[in-house]
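First the structure, in the form of structure tokens, and then the observations on it.
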Amino acid sequence: MELVSQESAGEVTTVTLDSPATRNALSTALLTQLHAALAGALDDPGCRVVVVTGADPAFCAGADLKESRDGRVAAPELFPEILQLIWDSAKPVICRVNGSARAGGIGLIAACDIAVASQSATFAFSEVRIGATPAIIAVPCLRRMSPRAAAEYFLTGEPFDAQRAVEVGLITGAVPKIQLDEEVGRYADLLLRGAPGALAVTKTVLREANSMPVADELARMAEISAARFASEEAQEGMAAFAGKREPSWAARRVEETP
């Protein structure tokens with residue numbers, strides 16, 4: 001059964017959790033297909049931006065509790081591998097949060113670089129209310145959310161709305177659902193204006209920031225900066241700026257746009 005679908009439009013590939021009957025719960029089968037779809041998109045040279053979303057009405061209900069009750073728990077390494085795949089991706093990943101997200105579904109959102117939600121979406125770390133713990137998803141979530149908010153919602157399991165999710169740093173923005181595709185498309189277009197190599201290195205900078213002593217970090221960032229200014233992409237970008245034209249990577253995007 002196909003539980004994850006994939007569609008490409010130009011240089012943007014959309015990966016959809018496509019099990020609406022289970023509210024896109026993270027079963028072993030869905031996780032297996034999701035890993036394959038994401039890996040394929042990230043390896044595809046024709047893809048420069050990945051969008052992750054869900055089939056209505058929900059984004060993702062978290063773990064498949066029926067499967068867990070039956071003792072058929074997903075391989076323990078599968079979900080962490082997916083989160084790391086998104087987090088470490090050289091390509092930017094946008095999360096299109098089309099509906100409610102619970103537990104593990106919020107982990108997927110937090111792992112993505114940019115997350116845009118429908119204003120009607122709700123969120124909850126519901127694990128404690130069924131005797132579980134938001135452990136795996138704490139890794140990306142605690143890197144996005146304010147500590148006080150994380151403690152509040154991890155411990156209480158209380159649902160919160162999209163505006164609150166913006167306030168605590170979990171998502172980038174929230175718009176009326178009718179505008180969701182437009183907003184995701186706007187971010188995709190902005191990302192396609194960036195040089196692919198520069199975006200990949202910038203993601204490295206975002207991951208490494210505040211991870212070492214200041215002197216070491218300044219030295220590391222100076223190395224990265226010098227290497228990028230000397231790169232072919234930067235030379236092309238500066239030549240394009242001087243020539244008042246689009247750089248090669250953005251020019252391709254302009255040509256493809258109707």
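Following the order of the structure tokens, first chain is A, next is B, and so on, with residues numbered from 1 inside each chain and ligands from 1 in the order they appear.
These are the residues of range 7-67 of chain A assigned alpha helix (DSSP H) by DSSP from backbone coordinates: A:Thr28, A:Ala29, A:Leu30, A:Leu31, A:Thr32, A:Gln33, A:Leu34, A:His35, A:Ala36, A:Ala37, A:Leu38, A:Ala39, A:Gly40, A:Ala41, A:Leu42, A:Asp43, A:Leu65, A:Lys66, A:Glu67.
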For those residues, write N, CA and C atoms to a file as a CSV table (one decimal), in the first residue's frame.
chain,number,residue,atom,x,y,z
A,28,THR,N,5.4,1.6,10.8
A,28,THR,CA,6.6,1.1,10.2
A,28,THR,C,6.6,1.2,8.7
A,29,ALA,N,5.5,0.9,8.1
A,29,ALA,CA,5.4,0.9,6.6
A,29,ALA,C,5.5,2.4,6.1
A,30,LEU,N,4.8,3.3,6.8
A,30,LEU,CA,4.9,4.7,6.4
A,30,LEU,C,6.3,5.2,6.6
A,31,LEU,N,6.9,5.0,7.7
A,31,LEU,CA,8.3,5.4,8.0
A,31,LEU,C,9.3,4.9,6.9
A,32,THR,N,9.1,3.6,6.6
A,32,THR,CA,10.0,3.0,5.6
A,32,THR,C,9.9,3.7,4.3
A,33,GLN,N,8.6,4.0,3.8
A,33,GLN,CA,8.4,4.7,2.6
A,33,GLN,C,8.8,6.1,2.6
A,34,LEU,N,8.6,6.8,3.8
A,34,LEU,CA,9.1,8.2,3.9
A,34,LEU,C,10.6,8.3,3.8
A,35,HIS,N,11.3,7.4,4.5
A,35,HIS,CA,12.8,7.4,4.4
A,35,HIS,C,13.2,7.2,2.9
A,36,ALA,N,12.6,6.3,2.2
A,36,ALA,CA,13.0,6.1,0.8
A,36,ALA,C,12.7,7.3,0.0
A,37,ALA,N,11.5,7.9,0.2
A,37,ALA,CA,11.1,9.1,-0.6
A,37,ALA,C,12.0,10.3,-0.4
A,38,LEU,N,12.3,10.5,0.9
A,38,LEU,CA,13.2,11.6,1.2
A,38,LEU,C,14.6,11.4,0.7
A,39,ALA,N,15.1,10.2,0.9
A,39,ALA,CA,16.5,9.9,0.4
A,39,ALA,C,16.5,10.1,-1.1
A,40,GLY,N,15.5,9.6,-1.8
A,40,GLY,CA,15.5,9.7,-3.3
A,40,GLY,C,15.4,11.2,-3.7
A,41,ALA,N,14.6,12.0,-3.0
A,41,ALA,CA,14.5,13.4,-3.4
A,41,ALA,C,15.9,14.1,-3.1
A,42,LEU,N,16.5,13.8,-2.0
A,42,LEU,CA,17.7,14.5,-1.6
A,42,LEU,C,18.9,14.1,-2.5
A,43,ASP,N,18.8,12.9,-3.1
A,43,ASP,CA,19.8,12.4,-4.0
A,43,ASP,C,19.6,12.8,-5.5
A,65,LEU,N,-0.4,4.1,17.2
A,65,LEU,CA,-0.6,3.4,18.5
A,65,LEU,C,-1.2,2.0,18.4
A,66,LYS,N,-2.0,1.8,17.3
A,66,LYS,CA,-2.6,0.5,17.1
A,66,LYS,C,-1.4,-0.5,16.9
A,67,GLU,N,-0.5,-0.1,16.1
A,67,GLU,CA,0.7,-1.0,15.8
A,67,GLU,C,1.5,-1.2,17.1
Kindly provide the residues of range 69-136 of chain A that approach range 167-174 of chain A to within 10 Å, each paired with its closest atom pair and their distance in Å to one decimal, based on only C-alpha atoms, listed by chain and increasing number, as JSON lines.
{"residue": "A:Ile94", "atom": "CA", "partner": "A:Thr172", "partner_atom": "CA", "distance": 9.9}
{"residue": "A:Cys95", "atom": "CA", "partner": "A:Ile171", "partner_atom": "CA", "distance": 8.9}
{"residue": "A:Val97", "atom": "CA", "partner": "A:Ala174", "partner_atom": "CA", "distance": 9.0}
{"residue": "A:Ile106", "atom": "CA", "partner": "A:Leu170", "partner_atom": "CA", "distance": 8.5}
{"residue": "A:Gly107", "atom": "CA", "partner": "A:Leu170", "partner_atom": "CA", "distance": 9.7}
{"residue": "A:Ile109", "atom": "CA", "partner": "A:Ile171", "partner_atom": "CA", "distance": 7.4}
{"residue": "A:Ala110", "atom": "CA", "partner": "A:Leu170", "partner_atom": "CA", "distance": 6.2}
{"residue": "A:Ala111", "atom": "CA", "partner": "A:Leu170", "partner_atom": "CA", "distance": 9.8}
{"residue": "A:Cys112", "atom": "CA", "partner": "A:Ile171", "partner_atom": "CA", "distance": 9.3}
{"residue": "A:Asp113", "atom": "CA", "partner": "A:Thr172", "partner_atom": "CA", "distance": 8.9}
{"residue": "A:Ile114", "atom": "CA", "partner": "A:Thr172", "partner_atom": "CA", "distance": 5.9}
{"residue": "A:Ala115", "atom": "CA", "partner": "A:Ile171", "partner_atom": "CA", "distance": 4.9}
{"residue": "A:Val116", "atom": "CA", "partner": "A:Gly173", "partner_atom": "CA", "distance": 5.0}
{"residue": "A:Ala117", "atom": "CA", "partner": "A:Ala174", "partner_atom": "CA", "distance": 4.7}
{"residue": "A:Ser118", "atom": "CA", "partner": "A:Ala174", "partner_atom": "CA", "distance": 5.5}
{"residue": "A:Gln119", "atom": "CA", "partner": "A:Ala174", "partner_atom": "CA", "distance": 5.2}
{"residue": "A:Ser120", "atom": "CA", "partner": "A:Ala174", "partner_atom": "CA", "distance": 8.8}
{"residue": "A:Ala121", "atom": "CA", "partner": "A:Ala174", "partner_atom": "CA", "distance": 8.8}
{"residue": "A:Phe123", "atom": "CA", "partner": "A:Leu170", "partner_atom": "CA", "distance": 9.9}
| request: Could you give me, as JSON, numbers by chain, the residues within 8 Å of Gly62 in chain A, counting only C-alpha atoms and dropping anything in the same chain fewer than 2 positions from it? | output: {"A": [24, 25, 26, 60, 64, 101, 102, 103, 104, 105, 106]}
Which residues are close to Arg220 in chain A, i.e. within 12 Å by only C-alpha atoms, leaving aside same-chain residues fewer than 6 positions away? Reply as a PDB file with N, CA and C atoms, in the first residue's frame.
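What landed in result-v9.pdb:
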ATOM      1  N   THR A 204      25.199  24.094   7.299  1.00  0.00           N
ATOM      2  CA  THR A 204      26.267  23.646   8.190  1.00  0.00           C
ATOM      3  C   THR A 204      26.559  24.701   9.247  1.00  0.00           C
ATOM      4  N   VAL A 205      26.610  25.970   8.831  1.00  0.00           N
ATOM      5  CA  VAL A 205      26.845  27.061   9.775  1.00  0.00           C
ATOM      6  C   VAL A 205      25.738  27.099  10.836  1.00  0.00           C
ATOM      7  N   GLU A 208      26.306  24.289  13.304  1.00  0.00           N
ATOM      8  CA  GLU A 208      27.505  24.362  14.139  1.00  0.00           C
ATOM      9  C   GLU A 208      27.539  25.577  15.051  1.00  0.00           C
ATOM     10  N   ALA A 209      26.694  26.567  14.791  1.00  0.00           N
ATOM     11  CA  ALA A 209      26.711  27.795  15.595  1.00  0.00           C
ATOM     12  C   ALA A 209      26.518  27.480  17.073  1.00  0.00           C
ATOM     13  N   ASN A 210      27.294  28.156  17.908  1.00  0.00           N
ATOM     14  CA  ASN A 210      27.216  28.008  19.374  1.00  0.00           C
ATOM     15  C   ASN A 210      27.591  26.616  19.851  1.00  0.00           C
ATOM     16  N   SER A 211      28.364  25.892  19.046  1.00  0.00           N
ATOM     17  CA  SER A 211      28.720  24.527  19.446  1.00  0.00           C
ATOM     18  C   SER A 211      30.154  24.403  19.935  1.00  0.00           C
ATOM     19  N   MET A 212      30.902  25.510  19.967  1.00  0.00           N
ATOM     20  CA  MET A 212      32.308  25.455  20.369  1.00  0.00           C
ATOM     21  C   MET A 212      32.698  26.783  21.006  1.00  0.00           C
ATOM     22  N   PRO A 213      33.839  26.841  21.648  1.00  0.00           N
ATOM     23  CA  PRO A 213      34.288  28.113  22.221  1.00  0.00           C
ATOM     24  C   PRO A 213      34.360  29.211  21.160  1.00  0.00           C
ATOM     25  N   VAL A 214      34.174  30.461  21.593  1.00  0.00           N
ATOM     26  CA  VAL A 214      34.085  31.569  20.646  1.00  0.00           C
ATOM     27  C   VAL A 214      35.292  31.659  19.733  1.00  0.00           C
ATOM     28  N   ALA A 226      36.043  32.167   3.834  1.00  0.00           N
ATOM     29  CA  ALA A 226      37.075  32.299   2.802  1.00  0.00           C
ATOM     30  C   ALA A 226      36.867  31.288   1.686  1.00  0.00           C
ATOM     31  N   ALA A 227      36.527  30.069   2.059  1.00  0.00           N
ATOM     32  CA  ALA A 227      36.314  29.026   1.050  1.00  0.00           C
ATOM     33  C   ALA A 227      35.134  29.367   0.150  1.00  0.00           C
TER      34      ALA A 227
END
| task | If you run DSSP over the backbone, which residues in range 53-112 of chain A end up strand (DSSP E)? Put them as a PyMOL selection string. | result | chain A and resi 53-54+93-97+101-102
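Of note, CA of Phe79 in chain A and CA of Arg186 in chain A are spaced 29.1 Å apart.
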